[in-house]
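Visitor: Questions regarding the structure given below will be posed in turn.
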Amino acid sequence: MFRGKRIISGIMLVLMLVSFIGCKKTFKAATFTYEENAAGNIVITGLTDKGRADAKVIVPAKIDGKKVSYIAENVFLSCYNLKTIEIPESVNSIGTNAFTDTQWEYDQLADKDEIIVNGVLCKVSIDSGTYNIPDGVRTI
């Protein structure tokens with residue numbers, strides 16, 4: 001009888017853990033955390049401690065054989081030391097504030113009024129007045 005209660009308690013514990021974890025899988029690479037979206041593509045969702053400390057980050061075109069297509073919101077937010085970001089052509093969507101408060105963002109805006117990555121308008125530094133969206137921008 002006592003053994004049966006232990007088995008039932010163990011099963012209940014496993015079920016509770018599964019319900020807390022949920023179905024969405026988040027993976028961790030050396031530099032990034034990422035998820036697979038419904039289309040089977042990879043979404044970069046964050047940086048590991050190593051990634052936050054690096055001055056250069058290279059986003060791969062593929063992870064585990066799947067295309068990296070999206071950089072989520074706030075991924076590089078406040079990575080003050082980040083000077084170089086390489087983003088492959090496979091990335092066609094970038095969330096808001098993905099590059100905010102990085103040295104890379106400051107350097108990009110020093111020469112021009114906007115940051116455009118792979119046809120995605122990521123940031124505009126003009127506070128007021130008229131702004132014309134440049135040719136080649138597919139997404140804002």
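Going through the structure tokens in order, the chains are called A, B, and so on, while each chain numbers its residues from 1 and the ligands are numbered from 1 in the order shown.
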Pick out the residues sitting within 10 Å of stretch 127-139 of chain A, and hand them over as a count of residues only; count only C-alpha atoms, and ignore anything fewer than 5 positions along from it in its own chain.
Guide: 12
Visitor: Excluding same-chain residues fewer than 5 positions from A:Ala30, what lies within 12 Å of it counting only C-alpha atoms, as a PyMOL selection string?
Guide: chain A and resi 46-54+57-60+63
Visitor: Per DSSP on the backbone, filter stretch 19-111 of chain A down to the residues in helix (DSSP H, G or I) and report them as a count of residues only.
Guide: 17
Visitor: Just how far from atom CA of A:Ser125 is atom CA of A:Lys112, in Å to one decimal?
Guide: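 Atom CA of A:Ser125 lies at a distance of 8.4 Å from atom CA of A:Lys112.
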Visitor: What's around A:Glu73 at 9 Å? Count only C-alpha atoms, leave out sequence neighbours fewer than 6 positions away in its own chain, and write the answer as a PyMOL selection string.
Guide: chain A and resi 45-46+94-99
Visitor: Filtering to N, CA, C and O atoms, could you give me those residues as a PDB file, in the first residue's frame?
Guide:
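Saved to result.pdb:
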```
ATOM      1  N   THR A  45      15.526  34.579 -29.134  1.00  0.00           N
ATOM      2  CA  THR A  45      14.705  35.175 -28.078  1.00  0.00           C
ATOM      3  C   THR A  45      15.511  35.915 -27.018  1.00  0.00           C
ATOM      4  O   THR A  45      14.948  36.669 -26.236  1.00  0.00           O
ATOM      5  N   GLY A  46      16.806  35.693 -26.972  1.00  0.00           N
ATOM      6  CA  GLY A  46      17.612  36.359 -25.962  1.00  0.00           C
ATOM      7  C   GLY A  46      19.076  36.011 -26.104  1.00  0.00           C
ATOM      8  O   GLY A  46      19.478  35.304 -27.032  1.00  0.00           O
ATOM      9  N   ILE A  94      12.458  41.742 -37.262  1.00  0.00           N
ATOM     10  CA  ILE A  94      13.212  42.138 -36.074  1.00  0.00           C
ATOM     11  C   ILE A  94      12.269  42.876 -35.146  1.00  0.00           C
ATOM     12  O   ILE A  94      11.600  43.833 -35.554  1.00  0.00           O
ATOM     13  N   GLY A  95      12.193  42.447 -33.896  1.00  0.00           N
ATOM     14  CA  GLY A  95      11.300  43.038 -32.920  1.00  0.00           C
ATOM     15  C   GLY A  95      11.765  44.413 -32.450  1.00  0.00           C
ATOM     16  O   GLY A  95      12.912  44.803 -32.639  1.00  0.00           O
ATOM     17  N   THR A  96      10.847  45.138 -31.836  1.00  0.00           N
ATOM     18  CA  THR A  96      11.157  46.478 -31.338  1.00  0.00           C
ATOM     19  C   THR A  96      12.236  46.422 -30.264  1.00  0.00           C
ATOM     20  O   THR A  96      12.346  45.450 -29.526  1.00  0.00           O
ATOM     21  N   ASN A  97      13.030  47.450 -30.216  1.00  0.00           N
ATOM     22  CA  ASN A  97      14.114  47.603 -29.235  1.00  0.00           C
ATOM     23  C   ASN A  97      15.136  46.472 -29.282  1.00  0.00           C
ATOM     24  O   ASN A  97      15.837  46.240 -28.300  1.00  0.00           O
ATOM     25  N   ALA A  98      15.239  45.793 -30.389  1.00  0.00           N
ATOM     26  CA  ALA A  98      16.183  44.675 -30.476  1.00  0.00           C
ATOM     27  C   ALA A  98      17.623  45.128 -30.282  1.00  0.00           C
ATOM     28  O   ALA A  98      18.446  44.369 -29.775  1.00  0.00           O
ATOM     29  N   PHE A  99      17.942  46.361 -30.664  1.00  0.00           N
ATOM     30  CA  PHE A  99      19.321  46.850 -30.586  1.00  0.00           C
ATOM     31  C   PHE A  99      19.487  48.039 -29.648  1.00  0.00           C
ATOM     32  O   PHE A  99      20.557  48.635 -29.593  1.00  0.00           O
TER      33      PHE A  99
END
```
Visitor: Enter the distance from atom CA of A:Cys79 to atom CA of A:Ala110, in Å, rounded to one decimal.
Guide: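 If I compute the distance from atom CA of A:Cys79 to atom CA of A:Ala110, I get 17.7 Å.
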Visitor: Can you measure atom CA of A:Tyr106 to atom CA of A:Glu35 for me? One decimal in Å is fine.
Guide: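 Atom CA of A:Tyr106 sits 28.3 Å away from atom CA of A:Glu35.
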